[in-house]
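A.B. asks: Got final15.cif for you, mmCIF, C-alpha atoms:
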```cif
data_my_file
#
loop_
_atom_site.label_atom_id
_atom_site.label_comp_id
_atom_site.auth_asym_id
_atom_site.auth_seq_id
_atom_site.Cartn_x
_atom_site.Cartn_y
_atom_site.Cartn_z
CA MET A 1 115.30 123.03 117.59
CA SER A 2 118.58 121.55 116.54
CA GLU A 3 119.63 123.02 113.20
CA TYR A 4 116.09 122.98 111.79
CA THR A 5 113.34 125.47 112.50
CA TYR A 6 109.69 124.54 112.61
CA ASP A 7 109.15 126.42 109.35
CA GLN A 8 111.91 124.42 107.65
CA LEU A 9 110.50 121.11 108.90
CA ASP A 10 107.03 122.03 107.71
CA ALA A 11 108.31 123.22 104.32
CA GLU A 12 110.27 120.00 103.83
CA ALA A 13 107.24 117.97 104.89
CA LYS A 14 104.97 119.80 102.44
CA ALA A 15 107.47 119.20 99.62
CA SER A 16 108.34 115.56 100.34
CA TYR A 17 105.83 114.15 102.86
CA ALA A 18 102.58 115.77 101.75
CA ASP A 19 100.38 112.84 102.82
CA SER A 20 102.11 112.24 106.15
CA PRO A 21 100.34 112.01 109.48
CA PHE A 22 102.83 114.68 110.58
CA LEU A 23 101.12 117.25 108.36
CA ALA A 24 97.67 115.80 109.06
CA VAL A 25 98.04 116.63 112.76
CA GLY A 26 99.21 120.19 112.07
CA GLY A 27 102.95 119.94 111.51
CA SER A 28 105.72 120.97 113.85
CA THR A 29 103.78 123.63 115.75
CA ALA A 30 101.14 121.06 116.72
CA VAL A 31 103.79 118.46 117.57
CA ALA A 32 105.62 121.00 119.76
CA ALA A 33 102.36 121.81 121.58
CA VAL A 34 101.78 118.08 122.18
CA VAL A 35 105.32 117.71 123.54
CA ASP A 36 104.90 120.69 125.88
CA GLU A 37 101.66 119.32 127.29
CA PHE A 38 103.12 115.80 127.52
CA TYR A 39 106.00 117.00 129.71
CA GLN A 40 103.71 119.19 131.83
CA ARG A 41 101.69 116.09 132.67
CA LEU A 42 104.74 113.90 133.29
CA LEU A 43 106.28 116.49 135.62
CA ALA A 44 103.00 116.94 137.51
CA ASP A 45 102.76 113.21 138.22
CA ALA A 46 104.62 112.16 141.37
CA SER A 47 105.37 108.74 139.86
CA THR A 48 106.97 110.02 136.64
CA ALA A 49 108.49 113.36 137.71
CA PRO A 50 111.50 111.77 139.48
CA PHE A 51 112.75 110.39 136.16
CA PHE A 52 113.40 113.99 135.08
CA THR A 53 114.94 115.45 138.25
CA ASP A 54 118.56 115.21 137.10
CA LEU A 55 117.69 116.54 133.66
CA ILE A 56 115.88 119.55 135.10
CA GLU A 57 118.77 120.26 137.48
CA ARG A 58 121.11 120.34 134.46
CA ASP A 59 118.67 122.64 132.61
CA GLY A 60 118.24 119.97 129.93
CA LEU A 61 114.46 119.89 129.60
CA GLY A 62 114.50 122.24 126.61
CA ALA A 63 116.92 120.00 124.72
CA LEU A 64 114.84 116.94 125.61
CA LYS A 65 111.72 118.62 124.25
CA ARG A 66 113.50 119.51 121.00
CA HIS A 67 114.64 115.90 120.61
CA GLN A 68 111.10 114.72 121.34
CA VAL A 69 109.63 117.05 118.68
CA LEU A 70 112.09 115.68 116.12
CA LEU A 71 111.45 112.10 117.19
CA LEU A 72 107.67 112.51 116.97
CA THR A 73 108.06 114.24 113.62
CA LYS A 74 109.89 111.16 112.37
CA VAL A 75 107.39 108.72 113.93
CA LEU A 76 104.54 110.65 112.30
CA GLY A 77 106.09 110.24 108.87
CA GLY A 78 107.61 113.68 108.59
CA PRO A 79 111.22 114.61 107.87
CA ASP A 80 113.75 112.53 109.78
CA ARG A 81 115.93 115.09 111.53
CA TYR A 82 116.21 113.22 114.83
CA SER A 83 119.86 113.19 115.86
CA GLY A 84 119.52 112.12 119.45
CA ARG A 85 121.07 109.08 121.04
CA ASP A 86 119.70 105.61 120.52
CA LEU A 87 116.67 105.32 122.81
CA GLY A 88 118.09 102.28 124.62
CA VAL A 89 121.33 104.12 125.34
CA ALA A 90 119.52 107.32 126.34
CA HIS A 91 117.40 105.48 128.91
CA GLN A 92 120.10 103.13 130.17
CA GLY A 93 120.48 103.16 133.93
CA MET A 94 117.17 104.90 134.54
CA ALA A 95 115.57 101.73 135.96
CA ILE A 96 112.39 102.20 133.96
CA ASN A 97 110.00 99.38 134.77
CA PRO A 98 107.07 98.21 132.64
CA ASP A 99 104.52 100.13 134.74
CA ALA A 100 106.42 103.42 134.40
CA TYR A 101 106.86 102.90 130.66
CA GLN A 102 103.16 102.14 130.23
CA ARG A 103 102.23 105.23 132.27
CA VAL A 104 104.43 107.49 130.12
CA SER A 105 103.08 105.89 126.93
CA LEU A 106 99.51 106.45 128.10
CA TYR A 107 100.28 110.09 128.83
CA LEU A 108 101.56 110.57 125.29
CA LEU A 109 98.59 108.80 123.74
CA THR A 110 96.17 110.76 125.95
CA VAL A 111 97.74 114.07 124.98
CA LEU A 112 97.57 113.12 121.30
CA HIS A 113 93.91 112.19 121.80
CA ASP A 114 93.22 115.46 123.61
CA PHE A 115 94.73 117.29 120.63
CA ARG A 116 92.20 115.47 118.43
CA VAL A 117 94.72 113.32 116.58
CA PRO A 118 92.80 110.85 114.38
CA MET A 119 92.36 107.30 115.67
CA ASP A 120 94.44 105.67 112.92
CA ILE A 121 97.40 107.86 113.87
CA LEU A 122 96.87 107.10 117.57
CA GLN A 123 96.90 103.38 116.78
CA SER A 124 100.10 103.76 114.80
CA ALA A 125 101.71 105.73 117.63
CA ASP A 126 100.64 103.03 120.08
CA SER A 127 102.30 100.37 117.90
CA VAL A 128 105.52 102.37 117.81
CA LEU A 129 105.47 102.83 121.59
CA ARG A 130 104.92 99.10 122.11
CA SER A 131 107.81 98.27 119.78
CA LEU A 132 110.16 100.65 121.64
CA GLY A 133 109.36 99.29 125.09
CA PRO A 134 112.02 96.55 125.14
CA ALA A 135 114.76 99.10 124.37
CA ILE A 136 113.66 101.47 127.14
CA ILE A 137 112.46 99.18 129.94
CA SER A 138 115.42 98.19 132.08
CA ALA A 139 113.99 97.25 135.48
#
```
Turn the structure described in the file into structure tokens.

C.D. replies:
Amino acid sequence: MSEYTYDQLDAEAKASYADSPFLAVGGSTAVAAVVDEFYQRLLADASTAPFFTDLIERDGLGALKRHQVLLLTKVLGGPDRYSGRDLGVAHQGMAINPDAYQRVSLYLLTVLHDFRVPMDILQSADSVLRSLGPAIISA
């Protein structure tokens, strides 16, 4: 997971982000489990799986998951160790339309719900997803 381990992220969160939603949901292990389930669902859906074909062929799904864990850690108020590309740049040329973006967002929110993330955190995550839409939607 980049240069940080889950234990290091959790230790930093406990020291500096003790009241964060990141720790409230269970820290990096819980976030990693959410990310794994999120991608399982996206890859099982015939309408979202094609967005990941090239990535899978390049054996890049593991790196994407690590970036997603770090991004969600940041979004949930934990340590900001996300070093990935700007989301607009990363999704450029993927022809993501509003329906596809909404579907992916709903998968993430559903997985968070299934992992019993509190409603206030779900609402906050939904707000973040809505704010990111214009940078990611390109079709």

A.B. asks: What does the PyMOL selection byres ((chain A and resi 137) around 9) select in this file, as a list in words?

C.D. replies: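 Checking the PyMOL selection byres ((chain A and resi 137) around 9) against this file, the residues are Gly88, His91, Gln92, Met94, Ala95, Ile96, Asn97, Pro98, Ala100, Tyr101, Leu132, Gly133, Pro134, Ala135, Ile136, Ser138 and Ala139 of chain A.
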
A.B. asks: Give me the residues within 10 Å of A:Leu42 as a list in words, counting only C-alpha atoms and dropping any in the same chain fewer than 2 places off.

C.D. replies: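 So the residues in contact are Glu37, Phe38, Tyr39, Gln40, Ala44, Asp45, Ala46, Ser47, Thr48, Ala49, Pro50, Phe51, Phe52, Arg103, Val104, Tyr107 and Leu108 of chain A.
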
A.B. asks: When you count all atoms listed in the file, which of these residues is closest to A:Met119: A:Leu71, A:Val25, A:Ala15, A:Ala33?

C.D. replies: A:Val25

A.B. asks: Do you know which residues are at most 9 Å from A:Val34 counting only C-alpha atoms, after dropping those on the same chain fewer than 5 positions away, and could you put them as an mmCIF file with C-alpha atoms, keeping the file's coordinate frame?

C.D. replies:
```cif
data_model
loop_
_atom_site.group_PDB
_atom_site.id
_atom_site.type_symbol
_atom_site.label_atom_id
_atom_site.label_comp_id
_atom_site.auth_asym_id
_atom_site.auth_seq_id
_atom_site.Cartn_x
_atom_site.Cartn_y
_atom_site.Cartn_z
ATOM 1 C CA THR A 29 103.780 123.630 115.750
ATOM 2 C CA TYR A 39 106.000 117.000 129.710
ATOM 3 C CA VAL A 69 109.630 117.050 118.680
ATOM 4 C CA LEU A 108 101.560 110.570 125.290
ATOM 5 C CA VAL A 111 97.740 114.070 124.980
ATOM 6 C CA LEU A 112 97.570 113.120 121.300
ATOM 7 C CA PHE A 115 94.730 117.290 120.630
#
```

A.B. asks: Hey, can you pull every residue with an atom no more than 9 Å from (103.4, 109.6, 110.9), using all atoms listed in the file, and send it as a count of residues only?

C.D. replies: 15

A.B. asks: Compare A:Thr53, A:Ser16, A:Ser83, A:Ser105 by their minimum atom-to-atom distance to A:Leu70, counting all atoms listed in the file, and give me the closest one.

C.D. replies: A:Ser83

A.B. asks: For A:Ala32, list every protein, DNA or RNA residue within 9 Å, evaluated using all atoms listed in the file, and leave out those in the same chain fewer than 6 positions away; present the list as a list in words.

C.D. replies: Tyr6, Lys65, Arg66, Gln68 and Val69 of chain A

A.B. asks: Just how far from atom CA of A:Leu64 is atom CA of A:Arg85, in Å to one decimal?

C.D. replies: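 Taking atom CA of A:Arg85 and atom CA of A:Leu64, their separation equals 11.0 Å.
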
A.B. asks: To one decimal place, how far is atom CA of A:Gly84 from atom CA of A:His67 in Å?

C.D. replies: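 Between these atoms lies a distance of 6.3 Å.
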
A.B. asks: Would you compute the distance between atom CA of A:Ala11 and atom CA of A:Arg81? Give it in Å to one decimal.

C.D. replies: 13.3 Å
